[in-house]
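Shown here: run_31.pdb, PDB, C-alpha atoms, pLDDT in the B column.
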ATOM      1  CA  MET U   1       0.000   0.000   0.000  1.00 57.00           C
ATOM      2  CA  ALA U   2       1.415   3.365  -1.017  1.00 71.00           C
ATOM      3  CA  ARG U   3       2.750   5.485   1.839  1.00 77.00           C
ATOM      4  CA  THR U   4       2.104   8.742   0.057  1.00 79.00           C
ATOM      5  CA  SER U   5      -0.670  10.032  -2.104  1.00 75.00           C
ATOM      6  CA  GLU U   6      -1.006  12.614  -4.787  1.00 77.00           C
ATOM      7  CA  VAL U   7      -1.761  16.053  -3.372  1.00 79.00           C
ATOM      8  CA  SER U   8      -3.513  18.786  -5.284  1.00 85.00           C
ATOM      9  CA  ARG U   9      -1.156  21.572  -6.281  1.00 86.00           C
ATOM     10  CA  ASP U  10      -3.534  24.016  -4.541  1.00 89.00           C
ATOM     11  CA  ASP U  11      -3.015  22.169  -1.242  1.00 90.00           C
ATOM     12  CA  MET U  12       0.788  22.438  -1.438  1.00 89.00           C
ATOM     13  CA  SER U  13       2.999  24.950   0.313  1.00 92.00           C
ATOM     14  CA  PRO U  14       4.509  27.700  -1.861  1.00 92.00           C
ATOM     15  CA  ASP U  15       7.861  25.842  -1.835  1.00 92.00           C
ATOM     16  CA  GLN U  16       6.181  22.623  -2.951  1.00 91.00           C
ATOM     17  CA  GLN U  17       4.282  24.469  -5.695  1.00 92.00           C
ATOM     18  CA  LYS U  18       7.498  25.992  -7.005  1.00 93.00           C
ATOM     19  CA  VAL U  19       9.177  22.584  -7.312  1.00 91.00           C
ATOM     20  CA  TYR U  20       5.999  20.999  -8.670  1.00 90.00           C
ATOM     21  CA  ASP U  21       5.878  23.642 -11.418  1.00 92.00           C
ATOM     22  CA  ALA U  22       9.568  23.136 -12.247  1.00 90.00           C
ATOM     23  CA  ILE U  23       9.088  19.379 -12.598  1.00 87.00           C
ATOM     24  CA  ALA U  24       5.818  19.623 -14.537  1.00 87.00           C
ATOM     25  CA  GLY U  25       7.255  22.283 -16.856  1.00 87.00           C
ATOM     26  CA  GLY U  26      10.444  20.321 -17.589  1.00 81.00           C
ATOM     27  CA  PRO U  27      11.122  17.382 -19.895  1.00 79.00           C
ATOM     28  CA  ARG U  28       9.218  14.945 -17.625  1.00 80.00           C
ATOM     29  CA  GLY U  29       5.999  16.817 -18.425  1.00 82.00           C
ATOM     30  CA  GLY U  30       4.346  15.887 -15.149  1.00 81.00           C
ATOM     31  CA  VAL U  31       4.786  15.043 -11.493  1.00 82.00           C
ATOM     32  CA  ARG U  32       4.486  11.350 -10.689  1.00 83.00           C
ATOM     33  CA  GLY U  33       6.364   8.373  -9.307  1.00 83.00           C
ATOM     34  CA  PRO U  34       9.168   9.273  -6.905  1.00 88.00           C
ATOM     35  CA  PHE U  35       8.363  12.970  -6.982  1.00 89.00           C
ATOM     36  CA  LEU U  36       5.124  12.466  -5.072  1.00 89.00           C
ATOM     37  CA  PRO U  37       6.925  11.502  -1.842  1.00 91.00           C
ATOM     38  CA  LEU U  38       9.931  13.710  -2.593  1.00 94.00           C
ATOM     39  CA  LEU U  39       7.663  16.766  -2.560  1.00 93.00           C
ATOM     40  CA  ASN U  40       7.387  16.246   1.213  1.00 92.00           C
ATOM     41  CA  SER U  41      10.857  17.815   1.226  1.00 95.00           C
ATOM     42  CA  PRO U  42      10.720  20.525  -1.462  1.00 94.00           C
ATOM     43  CA  GLU U  43      14.413  21.386  -1.351  1.00 96.00           C
ATOM     44  CA  LEU U  44      15.420  17.742  -1.712  1.00 96.00           C
ATOM     45  CA  ALA U  45      12.851  17.246  -4.487  1.00 94.00           C
ATOM     46  CA  ASP U  46      14.257  20.231  -6.360  1.00 94.00           C
ATOM     47  CA  LYS U  47      17.850  19.029  -6.139  1.00 95.00           C
ATOM     48  CA  VAL U  48      16.884  15.468  -7.096  1.00 96.00           C
ATOM     49  CA  GLN U  49      14.866  16.619 -10.096  1.00 92.00           C
ATOM     50  CA  LYS U  50      17.725  18.802 -11.331  1.00 93.00           C
ATOM     51  CA  LEU U  51      20.235  15.963 -11.080  1.00 96.00           C
ATOM     52  CA  GLY U  52      17.701  13.620 -12.663  1.00 93.00           C
ATOM     53  CA  GLN U  53      17.152  15.967 -15.573  1.00 92.00           C
ATOM     54  CA  PHE U  54      20.883  16.017 -16.255  1.00 95.00           C
ATOM     55  CA  VAL U  55      21.583  12.287 -15.956  1.00 96.00           C
ATOM     56  CA  ARG U  56      18.412  11.219 -17.778  1.00 92.00           C
ATOM     57  CA  TYR U  57      18.355  13.720 -20.635  1.00 93.00           C
ATOM     58  CA  GLU U  58      21.705  15.478 -20.935  1.00 95.00           C
ATOM     59  CA  CYS U  59      24.693  13.425 -19.754  1.00 97.00           C
ATOM     60  CA  SER U  60      27.356  12.130 -22.119  1.00 98.00           C
ATOM     61  CA  ILE U  61      26.250   8.474 -22.009  1.00 98.00           C
ATOM     62  CA  PRO U  62      24.010   7.704 -25.027  1.00 98.00           C
ATOM     63  CA  TRP U  63      20.274   7.357 -24.382  1.00 98.00           C
ATOM     64  CA  LYS U  64      20.051   3.599 -25.052  1.00 98.00           C
ATOM     65  CA  LEU U  65      22.921   2.917 -22.648  1.00 98.00           C
ATOM     66  CA  ARG U  66      21.435   5.184 -19.960  1.00 98.00           C
ATOM     67  CA  GLU U  67      18.183   3.251 -20.149  1.00 98.00           C
ATOM     68  CA  LEU U  68      20.066  -0.047 -19.945  1.00 98.00           C
ATOM     69  CA  ALA U  69      21.800   1.136 -16.759  1.00 98.00           C
ATOM     70  CA  ILE U  70      18.458   2.283 -15.317  1.00 98.00           C
ATOM     71  CA  LEU U  71      16.843  -1.103 -16.003  1.00 98.00           C
ATOM     72  CA  VAL U  72      19.735  -2.949 -14.334  1.00 98.00           C
ATOM     73  CA  THR U  73      19.292  -0.635 -11.331  1.00 98.00           C
ATOM     74  CA  ALA U  74      15.522  -1.113 -11.246  1.00 98.00           C
ATOM     75  CA  TYR U  75      16.019  -4.880 -11.345  1.00 98.00           C
ATOM     76  CA  HIS U  76      18.661  -4.747  -8.590  1.00 98.00           C
ATOM     77  CA  TRP U  77      16.264  -2.914  -6.256  1.00 98.00           C
ATOM     78  CA  LYS U  78      13.107  -4.630  -7.567  1.00 97.00           C
ATOM     79  CA  ALA U  79      11.808  -1.083  -8.035  1.00 97.00           C
ATOM     80  CA  GLN U  80       8.539  -1.792  -9.793  1.00 96.00           C
ATOM     81  CA  TYR U  81       7.687   1.785 -10.722  1.00 94.00           C
ATOM     82  CA  GLU U  82      11.220   2.494 -11.978  1.00 96.00           C
ATOM     83  CA  TRP U  83      11.046  -0.572 -14.228  1.00 97.00           C
ATOM     84  CA  PHE U  84       7.567   0.392 -15.412  1.00 96.00           C
ATOM     85  CA  ALA U  85       8.668   3.949 -16.239  1.00 94.00           C
ATOM     86  CA  HIS U  86      11.843   2.942 -18.087  1.00 96.00           C
ATOM     87  CA  GLU U  87      11.010  -0.270 -19.926  1.00 97.00           C
ATOM     88  CA  SER U  88       9.176   1.667 -22.645  1.00 96.00           C
ATOM     89  CA  GLU U  89      11.926   4.312 -22.670  1.00 96.00           C
ATOM     90  CA  ALA U  90      14.517   1.581 -23.232  1.00 98.00           C
ATOM     91  CA  LYS U  91      12.487   0.216 -26.149  1.00 98.00           C
ATOM     92  CA  SER U  92      12.119   3.714 -27.623  1.00 98.00           C
ATOM     93  CA  ALA U  93      15.877   4.212 -27.264  1.00 98.00           C
ATOM     94  CA  GLY U  94      16.492   1.073 -29.321  1.00 98.00           C
ATOM     95  CA  LEU U  95      17.383  -1.486 -26.662  1.00 98.00           C
ATOM     96  CA  ALA U  96      16.423  -4.956 -27.915  1.00 98.00           C
ATOM     97  CA  ASP U  97      13.445  -6.705 -26.342  1.00 98.00           C
ATOM     98  CA  SER U  98      15.631  -9.763 -25.734  1.00 98.00           C
ATOM     99  CA  ILE U  99      17.953  -7.694 -23.534  1.00 98.00           C
ATOM    100  CA  ILE U 100      15.073  -6.104 -21.637  1.00 98.00           C
ATOM    101  CA  ASP U 101      13.403  -9.482 -21.130  1.00 98.00           C
ATOM    102  CA  ALA U 102      16.615 -11.139 -19.905  1.00 98.00           C
ATOM    103  CA  ILE U 103      17.265  -8.393 -17.342  1.00 98.00           C
ATOM    104  CA  ARG U 104      13.646  -8.513 -16.155  1.00 98.00           C
ATOM    105  CA  ASP U 105      13.883 -12.292 -15.780  1.00 97.00           C
ATOM    106  CA  GLY U 106      17.228 -12.146 -13.924  1.00 96.00           C
ATOM    107  CA  PHE U 107      19.471 -13.526 -16.661  1.00 97.00           C
ATOM    108  CA  ARG U 108      22.551 -12.127 -18.344  1.00 98.00           C
ATOM    109  CA  PRO U 109      21.510 -10.941 -21.805  1.00 98.00           C
ATOM    110  CA  THR U 110      23.274 -11.953 -24.982  1.00 97.00           C
ATOM    111  CA  PHE U 111      24.786  -8.820 -26.466  1.00 98.00           C
ATOM    112  CA  GLU U 112      25.664  -8.000 -30.056  1.00 97.00           C
ATOM    113  CA  ASP U 113      26.777  -4.457 -29.162  1.00 98.00           C
ATOM    114  CA  ALA U 114      29.974  -4.216 -27.102  1.00 98.00           C
ATOM    115  CA  ALA U 115      28.944  -0.814 -25.682  1.00 98.00           C
ATOM    116  CA  GLU U 116      25.760  -2.337 -24.247  1.00 98.00           C
ATOM    117  CA  GLU U 117      27.688  -5.253 -22.763  1.00 98.00           C
ATOM    118  CA  GLU U 118      30.208  -2.878 -21.151  1.00 98.00           C
ATOM    119  CA  ILE U 119      27.457  -0.863 -19.453  1.00 98.00           C
ATOM    120  CA  TYR U 120      25.696  -4.027 -18.307  1.00 98.00           C
ATOM    121  CA  ASP U 121      28.954  -5.434 -16.899  1.00 98.00           C
ATOM    122  CA  PHE U 122      29.742  -2.140 -15.138  1.00 98.00           C
ATOM    123  CA  CYS U 123      26.339  -2.003 -13.447  1.00 98.00           C
ATOM    124  CA  SER U 124      26.151  -5.712 -12.651  1.00 98.00           C
ATOM    125  CA  GLU U 125      29.643  -5.791 -11.179  1.00 98.00           C
ATOM    126  CA  LEU U 126      28.929  -2.744  -9.037  1.00 98.00           C
ATOM    127  CA  TYR U 127      25.737  -4.276  -7.634  1.00 98.00           C
ATOM    128  CA  ALA U 128      27.350  -7.690  -7.078  1.00 98.00           C
ATOM    129  CA  SER U 129      30.650  -6.601  -5.506  1.00 98.00           C
ATOM    130  CA  LYS U 130      30.171  -2.929  -4.552  1.00 98.00           C
ATOM    131  CA  ARG U 131      33.275  -2.174  -6.652  1.00 98.00           C
ATOM    132  CA  ILE U 132      34.349  -1.941 -10.300  1.00 98.00           C
ATOM    133  CA  SER U 133      37.378  -3.908 -11.470  1.00 98.00           C
ATOM    134  CA  GLU U 134      40.041  -2.119 -13.479  1.00 98.00           C
ATOM    135  CA  ASN U 135      39.164  -4.097 -16.619  1.00 98.00           C
ATOM    136  CA  VAL U 136      35.451  -3.234 -16.490  1.00 98.00           C
ATOM    137  CA  TYR U 137      36.137   0.409 -15.625  1.00 98.00           C
ATOM    138  CA  GLN U 138      38.698   0.767 -18.413  1.00 98.00           C
ATOM    139  CA  LYS U 139      36.298  -0.491 -21.090  1.00 98.00           C
ATOM    140  CA  VAL U 140      33.756   2.184 -20.141  1.00 98.00           C
ATOM    141  CA  ALA U 141      36.436   4.868 -19.822  1.00 98.00           C
ATOM    142  CA  ASP U 142      37.997   3.922 -23.170  1.00 98.00           C
ATOM    143  CA  ARG U 143      34.650   4.239 -24.930  1.00 98.00           C
ATOM    144  CA  HIS U 144      33.125   7.190 -23.048  1.00 98.00           C
ATOM    145  CA  GLY U 145      36.117   8.931 -21.455  1.00 98.00           C
ATOM    146  CA  ALA U 146      36.530   9.974 -17.846  1.00 97.00           C
ATOM    147  CA  GLN U 147      33.483  12.219 -18.210  1.00 98.00           C
ATOM    148  CA  GLY U 148      31.367   9.293 -19.367  1.00 98.00           C
ATOM    149  CA  ALA U 149      32.494   7.092 -16.484  1.00 98.00           C
ATOM    150  CA  THR U 150      31.693   9.936 -14.105  1.00 98.00           C
ATOM    151  CA  ASP U 151      28.326  10.599 -15.730  1.00 98.00           C
ATOM    152  CA  LEU U 152      27.534   6.885 -15.459  1.00 98.00           C
ATOM    153  CA  ALA U 153      28.433   6.931 -11.748  1.00 98.00           C
ATOM    154  CA  GLY U 154      26.122   9.932 -11.288  1.00 98.00           C
ATOM    155  CA  LEU U 155      23.322   8.236 -13.216  1.00 98.00           C
ATOM    156  CA  LEU U 156      23.617   5.099 -11.090  1.00 98.00           C
ATOM    157  CA  GLY U 157      23.706   7.124  -7.884  1.00 98.00           C
ATOM    158  CA  HIS U 158      20.624   9.059  -8.912  1.00 97.00           C
ATOM    159  CA  TYR U 159      18.621   6.006  -9.941  1.00 98.00           C
ATOM    160  CA  ASN U 160      19.596   4.175  -6.758  1.00 98.00           C
ATOM    161  CA  LEU U 161      18.133   7.124  -4.824  1.00 97.00           C
ATOM    162  CA  ILE U 162      15.008   6.975  -6.979  1.00 96.00           C
ATOM    163  CA  ALA U 163      14.645   3.197  -6.528  1.00 97.00           C
ATOM    164  CA  ILE U 164      15.108   3.467  -2.774  1.00 97.00           C
ATOM    165  CA  THR U 165      12.552   6.287  -2.574  1.00 96.00           C
ATOM    166  CA  LEU U 166      10.058   4.321  -4.649  1.00 95.00           C
ATOM    167  CA  ASN U 167      10.522   1.238  -2.467  1.00 95.00           C
ATOM    168  CA  ILE U 168      10.397   3.073   0.877  1.00 96.00           C
ATOM    169  CA  PHE U 169       7.204   4.878  -0.069  1.00 94.00           C
ATOM    170  CA  ASP U 170       5.792   1.849  -1.901  1.00 93.00           C
ATOM    171  CA  VAL U 171       4.922   3.910  -4.968  1.00 92.00           C
ATOM    172  CA  GLU U 172       2.515   1.809  -6.971  1.00 89.00           C
ATOM    173  CA  VAL U 173       2.641   1.132 -10.677  1.00 92.00           C
ATOM    174  CA  PRO U 174      -0.485   2.357 -12.482  1.00 88.00           C
ATOM    175  CA  GLY U 175      -2.976  -0.462 -12.720  1.00 88.00           C
ATOM    176  CA  GLY U 176      -1.339  -2.260  -9.797  1.00 87.00           C
ATOM    177  CA  ILE U 177       0.883  -4.382 -12.028  1.00 88.00           C
ATOM    178  CA  THR U 178       4.136  -5.914 -10.762  1.00 91.00           C
ATOM    179  CA  PRO U 179       6.532  -6.058 -13.721  1.00 92.00           C
ATOM    180  CA  LEU U 180       9.404  -7.586 -11.732  1.00 92.00           C
ATOM    181  CA  ALA U 181       9.192 -10.826  -9.780  1.00 88.00           C
ATOM    182  CA  LEU U 182      10.002 -10.218  -6.130  1.00 79.00           C
TER     183      LEU U 182
END
Reformat the file's structure so that it appears as structure tokens.
Amino acid sequence: MARTSEVSRDDMSPDQQKVYDAIAGGPRGGVRGPFLPLLNSPELADKVQKLGQFVRYECSIPWKLRELAILVTAYHWKAQYEWFAHESEAKSAGLADSIIDAIRDGFRPTFEDAAEEEIYDFCSELYASKRISENVYQKVADRHGAQGATDLAGLLGHYNLIAITLNIFDVEVPGGITPLAL
């Protein structure tokens, strides 16, 4: 059962309304998911949405690879809403259904694209060992540079925060579906 509910903009404090308007007027086009509970702390919500805008829409890692990293993170945390929100984004970005399905089902995908495999290995190794080996790091750094490796670290940090927020506040997927097995 969700631990937060949608509040009418008119019932929000001026600080909440300001952040709500910034989120709704940005590339997300609306306030939903993790931003419902985050609005309980307007300053935090504002900082999270600004970081999220950068890592989701503007960082140096290509869109398809960002979405791959987000799906691996959603699977790691069993963050239902995060998976729901990004599965269609991953498809739109060109990530193969077979890769999406394998991640959702807890299997290592078969990759034809080395860049996809490098991102998957980076994320999977981090979640399994809490570290990145030199070999795995170097592949990402060779392809995306130090900025790309840093942007990827920021993206993973952000989406871990989002997954944790979604799970703590039990943010429900529309229609009550559970896309990831628990």
Residues of region 16-119 of chain U at most 7 Å from region 173-181 of chain U: nearest atom pair and distance in Å, only C-alpha atoms, as a Markdown table:
| residue | atom | partner | partner_atom | distance |
| --- | --- | --- | --- | --- |
| U:Lys78 | CA | U:Leu180 | CA | 6.3 |
| U:Gln80 | CA | U:Thr178 | CA | 6.1 |
| U:Tyr81 | CA | U:Val173 | CA | 5.1 |
| U:Phe84 | CA | U:Pro179 | CA | 6.7 |
| U:Arg104 | CA | U:Leu180 | CA | 6.2 |
Spatial neighbours of region 124-139 of chain U, 12 Å, only C-alpha atoms, chain gap at least 2 places, as an mmCIF file with C-alpha atoms, in the coordinates of the input:
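Produced file selection_33.cif, reproduced below:
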data_model
loop_
_atom_site.group_PDB
_atom_site.id
_atom_site.type_symbol
_atom_site.label_atom_id
_atom_site.label_comp_id
_atom_site.auth_asym_id
_atom_site.auth_seq_id
_atom_site.Cartn_x
_atom_site.Cartn_y
_atom_site.Cartn_z
ATOM 1 C CA LEU U 68 20.066 -0.047 -19.945
ATOM 2 C CA ALA U 69 21.800 1.136 -16.759
ATOM 3 C CA ILE U 70 18.458 2.283 -15.317
ATOM 4 C CA LEU U 71 16.843 -1.103 -16.003
ATOM 5 C CA VAL U 72 19.735 -2.949 -14.334
ATOM 6 C CA THR U 73 19.292 -0.635 -11.331
ATOM 7 C CA ALA U 74 15.522 -1.113 -11.246
ATOM 8 C CA TYR U 75 16.019 -4.880 -11.345
ATOM 9 C CA HIS U 76 18.661 -4.747 -8.590
ATOM 10 C CA TRP U 77 16.264 -2.914 -6.256
ATOM 11 C CA ILE U 103 17.265 -8.393 -17.342
ATOM 12 C CA GLY U 106 17.228 -12.146 -13.924
ATOM 13 C CA PHE U 107 19.471 -13.526 -16.661
ATOM 14 C CA ARG U 108 22.551 -12.127 -18.344
ATOM 15 C CA PRO U 109 21.510 -10.941 -21.805
ATOM 16 C CA ALA U 114 29.974 -4.216 -27.102
ATOM 17 C CA ALA U 115 28.944 -0.814 -25.682
ATOM 18 C CA GLU U 116 25.760 -2.337 -24.247
ATOM 19 C CA GLU U 117 27.688 -5.253 -22.763
ATOM 20 C CA GLU U 118 30.208 -2.878 -21.151
ATOM 21 C CA ILE U 119 27.457 -0.863 -19.453
ATOM 22 C CA TYR U 120 25.696 -4.027 -18.307
ATOM 23 C CA ASP U 121 28.954 -5.434 -16.899
ATOM 24 C CA PHE U 122 29.742 -2.140 -15.138
ATOM 25 C CA ALA U 141 36.436 4.868 -19.822
ATOM 26 C CA ASP U 142 37.997 3.922 -23.170
ATOM 27 C CA ARG U 143 34.650 4.239 -24.930
ATOM 28 C CA HIS U 144 33.125 7.190 -23.048
ATOM 29 C CA GLY U 145 36.117 8.931 -21.455
ATOM 30 C CA ALA U 146 36.530 9.974 -17.846
ATOM 31 C CA GLY U 148 31.367 9.293 -19.367
ATOM 32 C CA ALA U 149 32.494 7.092 -16.484
ATOM 33 C CA THR U 150 31.693 9.936 -14.105
ATOM 34 C CA LEU U 152 27.534 6.885 -15.459
ATOM 35 C CA ALA U 153 28.433 6.931 -11.748
ATOM 36 C CA LEU U 156 23.617 5.099 -11.090
ATOM 37 C CA GLY U 157 23.706 7.124 -7.884
ATOM 38 C CA ASN U 160 19.596 4.175 -6.758
#
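Rounded to one decimal, CA of Lys18 (chain U) and CA of Gly30 (chain U) lie 13.4 Å from each other.
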**Prompt:** Nearest to Ala2 (chain U) among U:Pro62, U:Pro34, U:Gly52, U:Pro27, with distances taken over only C-alpha atoms: which residue is it?
**Reply:**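 That would be U:Pro34, the residue with the smallest distance to Ala2 (chain U).
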**Asked** Which residues, written as number ranges by chain, have at least one atom at most 12 Å from Met12 (chain U), with all atoms listed in the file counted and residues fewer than 3 positions away on the same chain left out?
**Response** U: 6-9, 15-21, 36, 39-42
**Asked** Between U:Leu155, U:Leu44, U:Val171, U:Leu161, which one has atoms that come closest to Ile61 (chain U), using only C-alpha atoms?
**Response**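 Residue with the minimum atom-to-atom distance to Ile61 (chain U): U:Leu155.
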**Request:** Kindly give the distance, in Å, that separates CA of His158 (chain U) and CA of Asp113 (chain U), rounded to a single decimal.
**Result:** 25.1 Å
**Item:** Option closest in space to Gly26 (chain U), from U:Thr165, U:Ala79, U:Glu172, U:Lys50 [counting only C-alpha atoms]
**Value:**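 Counting only C-alpha atoms, the residue closest to Gly26 (chain U) is U:Lys50.
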**Asked** What residues come out when you apply the PyMOL selection byres ((chain U and resi 55) around 8) to this file, written as a count of residues only?
**Response** 12
**From U:Glu82, U:Lys64, U:Phe169, U:Cys123, residue lying nearest Leu95 (chain U) [all atoms listed in the file]** =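 Of all the options, U:Lys64 lies closest to Leu95 (chain U).
Reported to one decimal place, the separation of CA of Gln49 (chain U) from CA of Ile23 (chain U) is 6.9 Å.
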**Request:** Considering all atoms listed in the file, state which residue in the set U:Asp46, U:Asp105, U:Asp11, U:Asp97 is at the smallest distance from Ala24 (chain U).
**Result:**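 Looking only at the distances to Ala24 (chain U), the closest residue turns out to be U:Asp46.
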**Prompt:** On this structure, which residues satisfy the PyMOL selection byres ((chain U and resi 91) around 12), written as a ChimeraX atom specification?
**Reply:** /U:63-68,71,84-90,92-101
Draw an axis-aligned box over all listed atoms of region 86-99 of chain U, pad each side with 5 Å, and write its centre and edge lengths in Å, one decimal, as JSON.
{"center_x": 13.6, "center_y": -2.7, "center_z": -23.7, "size_x": 18.8, "size_y": 24.1, "size_z": 21.2}
**Message:** Using only C-alpha atoms, can you tell me which of U:Ser60, U:Phe111, U:Trp83, U:Gly25 comes closest to Leu166 (chain U)?
**Reply:** U:Trp83
Please fill the gaps in region 105-119 of chain U so it has N, CA and C atoms, and write that as an mmCIF file, in the frame of the given file.
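What landed in rebuild.cif:
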data_model
loop_
_atom_site.group_PDB
_atom_site.id
_atom_site.type_symbol
_atom_site.label_atom_id
_atom_site.label_comp_id
_atom_site.auth_asym_id
_atom_site.auth_seq_id
_atom_site.Cartn_x
_atom_site.Cartn_y
_atom_site.Cartn_z
ATOM 1 N N ASP U 105 13.998 -10.915 -16.255
ATOM 2 C CA ASP U 105 13.883 -12.292 -15.780
ATOM 3 C C ASP U 105 15.100 -12.743 -14.968
ATOM 4 N N GLY U 106 16.078 -11.839 -14.774
ATOM 5 C CA GLY U 106 17.228 -12.146 -13.924
ATOM 6 C C GLY U 106 18.351 -12.908 -14.590
ATOM 7 N N PHE U 107 18.424 -12.835 -15.916
ATOM 8 C CA PHE U 107 19.471 -13.526 -16.661
ATOM 9 C C PHE U 107 20.395 -12.522 -17.336
ATOM 10 N N ARG U 108 21.621 -12.953 -17.576
ATOM 11 C CA ARG U 108 22.551 -12.127 -18.344
ATOM 12 C C ARG U 108 22.109 -12.147 -19.808
ATOM 13 N N PRO U 109 21.892 -10.985 -20.384
ATOM 14 C CA PRO U 109 21.510 -10.941 -21.805
ATOM 15 C C PRO U 109 22.654 -11.377 -22.712
ATOM 16 N N THR U 110 22.300 -11.740 -23.919
ATOM 17 C CA THR U 110 23.274 -11.953 -24.982
ATOM 18 C C THR U 110 23.374 -10.629 -25.729
ATOM 19 N N PHE U 111 24.579 -10.127 -25.852
ATOM 20 C CA PHE U 111 24.786 -8.820 -26.466
ATOM 21 C C PHE U 111 25.453 -8.955 -27.826
ATOM 22 N N GLU U 112 24.994 -8.144 -28.767
ATOM 23 C CA GLU U 112 25.664 -8.000 -30.056
ATOM 24 C C GLU U 112 26.476 -6.708 -30.089
ATOM 25 N N ASP U 113 26.139 -5.775 -29.221
ATOM 26 C CA ASP U 113 26.777 -4.457 -29.162
ATOM 27 C C ASP U 113 27.696 -4.410 -27.946
ATOM 28 N N ALA U 114 28.996 -4.232 -28.193
ATOM 29 C CA ALA U 114 29.974 -4.216 -27.102
ATOM 30 C C ALA U 114 29.702 -3.086 -26.112
ATOM 31 N N ALA U 115 29.228 -1.938 -26.585
ATOM 32 C CA ALA U 115 28.944 -0.814 -25.682
ATOM 33 C C ALA U 115 27.843 -1.180 -24.687
ATOM 34 N N GLU U 116 26.826 -1.894 -25.148
ATOM 35 C CA GLU U 116 25.760 -2.337 -24.247
ATOM 36 C C GLU U 116 26.310 -3.319 -23.216
ATOM 37 N N GLU U 117 27.123 -4.255 -23.675
ATOM 38 C CA GLU U 117 27.688 -5.253 -22.763
ATOM 39 C C GLU U 117 28.577 -4.586 -21.712
ATOM 40 N N GLU U 118 29.335 -3.583 -22.098
ATOM 41 C CA GLU U 118 30.208 -2.878 -21.151
ATOM 42 C C GLU U 118 29.398 -2.179 -20.062
ATOM 43 N N ILE U 119 28.309 -1.540 -20.444
ATOM 44 C CA ILE U 119 27.457 -0.863 -19.453
ATOM 45 C C ILE U 119 26.805 -1.893 -18.538
#
